[in-house]
Amino acid sequence: MDVKRVRVHSNFQLNKCAKRYFGDGDRISQLPDDILVDILSFLSLKEAARTSVLSSRWINLWKHTPSLDFDAKSSLRKIKKNRKLLKSERPKYVKWVNSVLQSHKSTTLKEFIIHFRFDITAENSITKWLEFAFSKQVQRLELIIEKSAYTYCFPEEFFTPCSGTEPKLQQPRMLFDFKSLKQLSFKNIIVSDRAIELFLHNCPLLEQLIVHFSEKISKLEVCGPSLMLKHLELYYCMGLESLKISAPRLTTLNVTVLKAVVLENVPMLVDLTCNCDDDNISLRHLISTLSCCISQLESLNLHLVDQYVRHGQETDELCNFPEMPKLKKLFIEYDDTLGDKSLIRLAALARASPHLEEFFFENEWRQLRKVRPFVNGVIRFQHQHLKVFKFSGYYGRASDIDFVQYILENFVVLEKIIIRPCVVASRVEPDRLKRKQIAREKAKRNLEPLLPPHVALVIL
């Protein structure tokens, strides 16, 4: 198990308690203040605050924690079950954050995380929270707003605007020092491409950049030989028209709109997640876009979307997919499959990955359509490395069973098949559980006779 390591800064100072009394059984309280604060950083914020009642020795220690994670999972769960609670829980959350920030004493922050469902009444508070985090030279910042009618707009006032004669990316004088920032995450936040580029070029230590559901991003360049960026995630930024990436240290890329992407200098890229329409034109573009890095990929997560545009013709670009010699993990999420043949043809991606070890397939059903009969003539091959195959969304149709049988026949060292059956939605809990059990029994009944002795069947 990984052990979290906390660096204690040399300028760390705490007000020592004037009087200390330690009983024979209280050896923890005898530890230095900085060690105790490190211990408190392993606790949630509320748990750390509760230690203030232990003794006068602990009253102020939690206020020096460098990690401020305003976790509100319990409140969000309650709101999900009863929307009427939102009106009372929202001001409680704002009050809680404000109270903690007013009493906080650490000069720097390792992490600052805000996650709640806000409305416009919290806008000024959110801006002040960001100012607080940046003033403390935060290293990891996450601002996550649950989907609602309200969307917070990141204030570009944090960057002093450039004059009209200055180059676009000339470093401006800024209100805050962003040089400590290593991880930045905005979800359901309106943030401009200019703001992102300013972060990239003024945060020399930035390694992770995550932006979800931001429609203001249109033309973005993530370029620079000195960029430390390792993880880039632009998820459902549907206004994106162009994205140019030249980042020599980038290892992980997650992008929804692949049509806008141009990859140039990405020698370290090994983990890719993207969406692609399931038609020949889109697949050709996918192959072309990945031409500079496809031979180095180790993990590929591909969401194929059926757009009903084939007019009776099967796509064949998957069969021509270039070899991925280093790929170890393949995840295919298929949105509304066409039938028997369309399932098996997806194995062409595994065939193009001779050293594949894990194959995960997820079937996203929008509607259960009538399938065509199975078409013979698919390519057979002997895969020598795949050991685990997971099928999520198994419904028990002929296409599902044929696909599993195809995997068994061609992946000769397979050790385990994991099945997560598709359960028709039901709002009634007992009915849903019953349907789930029926789906499991059906999967077991259909698949067990197909399995050789050396392959284990796991039904979730």
# chains A, B, ... in the order shown; residues from 1 in each chain; ligands from 1
>>> select_by_dssp(residues="region 30-262 of chain A", states="alpha helix (DSSP H)", output="ChimeraX atom specification")
/A:33-40,45-50,73-81,86-103,123-135,193-202
>>> select_by_dssp(residues="region 198-300 of chain A", states="strand (DSSP E or B)", output="JSON, numbers by chain")
{"A": [208, 209, 210, 211, 212, 219, 220, 221, 222, 223, 231, 232, 233, 234, 235, 242, 243, 244, 245, 246, 252, 253, 254, 255, 261, 262, 263, 271, 272, 273, 274, 275, 276, 277, 299, 300]}
>>> write_last_selection(atoms="C-alpha atoms", output="PDB file, in the first residue's frame")
ATOM      1  CA  GLN A 208      -2.101  17.876 -14.576  1.00  0.00           C
ATOM      2  CA  LEU A 209      -4.794  19.943 -16.297  1.00  0.00           C
ATOM      3  CA  ILE A 210      -8.430  18.797 -16.264  1.00  0.00           C
ATOM      4  CA  VAL A 211     -11.345  20.763 -17.766  1.00  0.00           C
ATOM      5  CA  HIS A 212     -14.856  19.271 -18.041  1.00  0.00           C
ATOM      6  CA  LYS A 219      -9.009  27.347 -30.156  1.00  0.00           C
ATOM      7  CA  LEU A 220      -6.388  26.061 -27.776  1.00  0.00           C
ATOM      8  CA  GLU A 221      -2.658  25.476 -28.069  1.00  0.00           C
ATOM      9  CA  VAL A 222      -0.915  23.286 -25.524  1.00  0.00           C
ATOM     10  CA  CYS A 223       2.590  23.783 -26.805  1.00  0.00           C
ATOM     11  CA  HIS A 231      -1.926  14.661 -17.906  1.00  0.00           C
ATOM     12  CA  LEU A 232      -4.356  16.618 -20.107  1.00  0.00           C
ATOM     13  CA  GLU A 233      -8.106  16.075 -19.969  1.00  0.00           C
ATOM     14  CA  LEU A 234     -10.624  18.100 -22.019  1.00  0.00           C
ATOM     15  CA  TYR A 235     -13.914  16.317 -21.497  1.00  0.00           C
ATOM     16  CA  SER A 242      -8.987  23.234 -32.764  1.00  0.00           C
ATOM     17  CA  LEU A 243      -6.537  21.768 -30.278  1.00  0.00           C
ATOM     18  CA  LYS A 244      -2.835  21.698 -31.046  1.00  0.00           C
ATOM     19  CA  ILE A 245      -0.682  19.654 -28.679  1.00  0.00           C
ATOM     20  CA  SER A 246       3.096  19.698 -28.556  1.00  0.00           C
ATOM     21  CA  THR A 252      -2.030  10.797 -20.645  1.00  0.00           C
ATOM     22  CA  LEU A 253      -4.565  12.458 -22.957  1.00  0.00           C
ATOM     23  CA  ASN A 254      -8.357  12.385 -22.572  1.00  0.00           C
ATOM     24  CA  VAL A 255     -10.233  14.373 -25.219  1.00  0.00           C
ATOM     25  CA  VAL A 261      -6.885  17.583 -32.389  1.00  0.00           C
ATOM     26  CA  VAL A 262      -3.445  17.934 -33.963  1.00  0.00           C
ATOM     27  CA  LEU A 263      -0.677  15.960 -32.239  1.00  0.00           C
ATOM     28  CA  ASP A 271      -2.471   6.499 -22.409  1.00  0.00           C
ATOM     29  CA  LEU A 272      -5.241   7.818 -24.700  1.00  0.00           C
ATOM     30  CA  THR A 273      -9.004   8.240 -24.187  1.00  0.00           C
ATOM     31  CA  CYS A 274     -11.161   9.621 -27.005  1.00  0.00           C
ATOM     32  CA  ASN A 275     -14.538   9.508 -28.767  1.00  0.00           C
ATOM     33  CA  CYS A 276     -15.041   8.541 -32.400  1.00  0.00           C
ATOM     34  CA  ASP A 277     -18.082   8.066 -34.641  1.00  0.00           C
ATOM     35  CA  SER A 299      -3.585   1.962 -22.984  1.00  0.00           C
ATOM     36  CA  LEU A 300      -6.433   2.925 -25.352  1.00  0.00           C
TER      37      LEU A 300
END
>>> closest_residue(among="A:Ala456, A:Leu109, A:Ile332, A:Leu86", to="Lys63 (chain A)", atoms="only C-alpha atoms")
A:Leu109
>>> closest_residue(among="A:Val305, A:Val413, A:Leu258, A:Val97", to="Met238 (chain A)", atoms="only C-alpha atoms")
A:Leu258
>>> residues_around(residues="Tyr152 (chain A)", least_positions_apart="2", cutoff="8 Å", atoms="only C-alpha atoms", output="ChimeraX atom specification")
/A:120,123,150,154,188-190
>>> write_last_selection(atoms="N, CA and C atoms", output="PDB file, in the first residue's frame")
ATOM      1  N   ILE A 120     -26.159  31.381  -8.213  1.00  0.00           N
ATOM      2  CA  ILE A 120     -25.475  32.662  -8.368  1.00  0.00           C
ATOM      3  C   ILE A 120     -25.209  33.361  -7.034  1.00  0.00           C
ATOM      4  N   GLU A 123     -21.551  33.152  -5.988  1.00  0.00           N
ATOM      5  CA  GLU A 123     -20.520  33.554  -6.945  1.00  0.00           C
ATOM      6  C   GLU A 123     -19.386  34.344  -6.301  1.00  0.00           C
ATOM      7  N   TYR A 150     -26.921  27.097 -13.055  1.00  0.00           N
ATOM      8  CA  TYR A 150     -25.885  28.106 -12.837  1.00  0.00           C
ATOM      9  C   TYR A 150     -24.517  27.567 -13.249  1.00  0.00           C
ATOM     10  N   PHE A 154     -14.777  31.530 -14.623  1.00  0.00           N
ATOM     11  CA  PHE A 154     -13.482  31.826 -14.001  1.00  0.00           C
ATOM     12  C   PHE A 154     -13.077  33.257 -14.332  1.00  0.00           C
ATOM     13  N   ASN A 188     -17.430  21.853 -14.936  1.00  0.00           N
ATOM     14  CA  ASN A 188     -18.631  22.682 -15.060  1.00  0.00           C
ATOM     15  C   ASN A 188     -18.329  24.139 -14.729  1.00  0.00           C
ATOM     16  N   ILE A 189     -17.176  24.593 -15.190  1.00  0.00           N
ATOM     17  CA  ILE A 189     -16.735  25.982 -15.014  1.00  0.00           C
ATOM     18  C   ILE A 189     -16.499  26.573 -16.401  1.00  0.00           C
ATOM     19  N   ILE A 190     -16.948  27.797 -16.620  1.00  0.00           N
ATOM     20  CA  ILE A 190     -16.648  28.481 -17.868  1.00  0.00           C
ATOM     21  C   ILE A 190     -15.241  29.058 -17.765  1.00  0.00           C
TER      22      ILE A 190
END
>>> residues_around(residues="Leu349 (chain A)", least_positions_apart="5", cutoff="12 Å", atoms="only C-alpha atoms", output="PyMOL selection string")
chain A and resi 283+287+300-302+316-325+327-332+343-344+354-356+359-361+379+383
>>> closest_residue(among="A:Ser291, A:Ser148, A:Asn363, A:Ser75", to="Phe403 (chain A)", atoms="only C-alpha atoms")
A:Asn363
>>> closest_residue(among="A:Gly396, A:Phe176, A:Val458, A:Ile281", to="Ala443 (chain A)", atoms="only C-alpha atoms")
A:Gly396
>>> closest_residue(among="A:Glu448, A:Leu200, A:Leu205, A:Val455", to="Phe389 (chain A)", atoms="only C-alpha atoms")
A:Val455
>>> residues_around(residues="Val266 (chain A)", least_positions_apart="4", cutoff="8 Å", atoms="only C-alpha atoms", output="number ranges by chain")
A: 245-251, 292-293
>>> atom_distance(atom1="CA of Val37 (chain A)", atom2="CA of Ser74 (chain A)")
25.2 Å
>>> atom_distance(atom1="CA of Glu131 (chain A)", atom2="CA of Pro91 (chain A)")
19.9 Å
>>> closest_residue(among="A:Val270, A:Ala350, A:Leu408, A:Leu181", to="Gln137 (chain A)", atoms="only C-alpha atoms")
A:Leu181
>>> atom_distance(atom1="CA of Phe42 (chain A)", atom2="CA of Val94 (chain A)")
23.3 Å
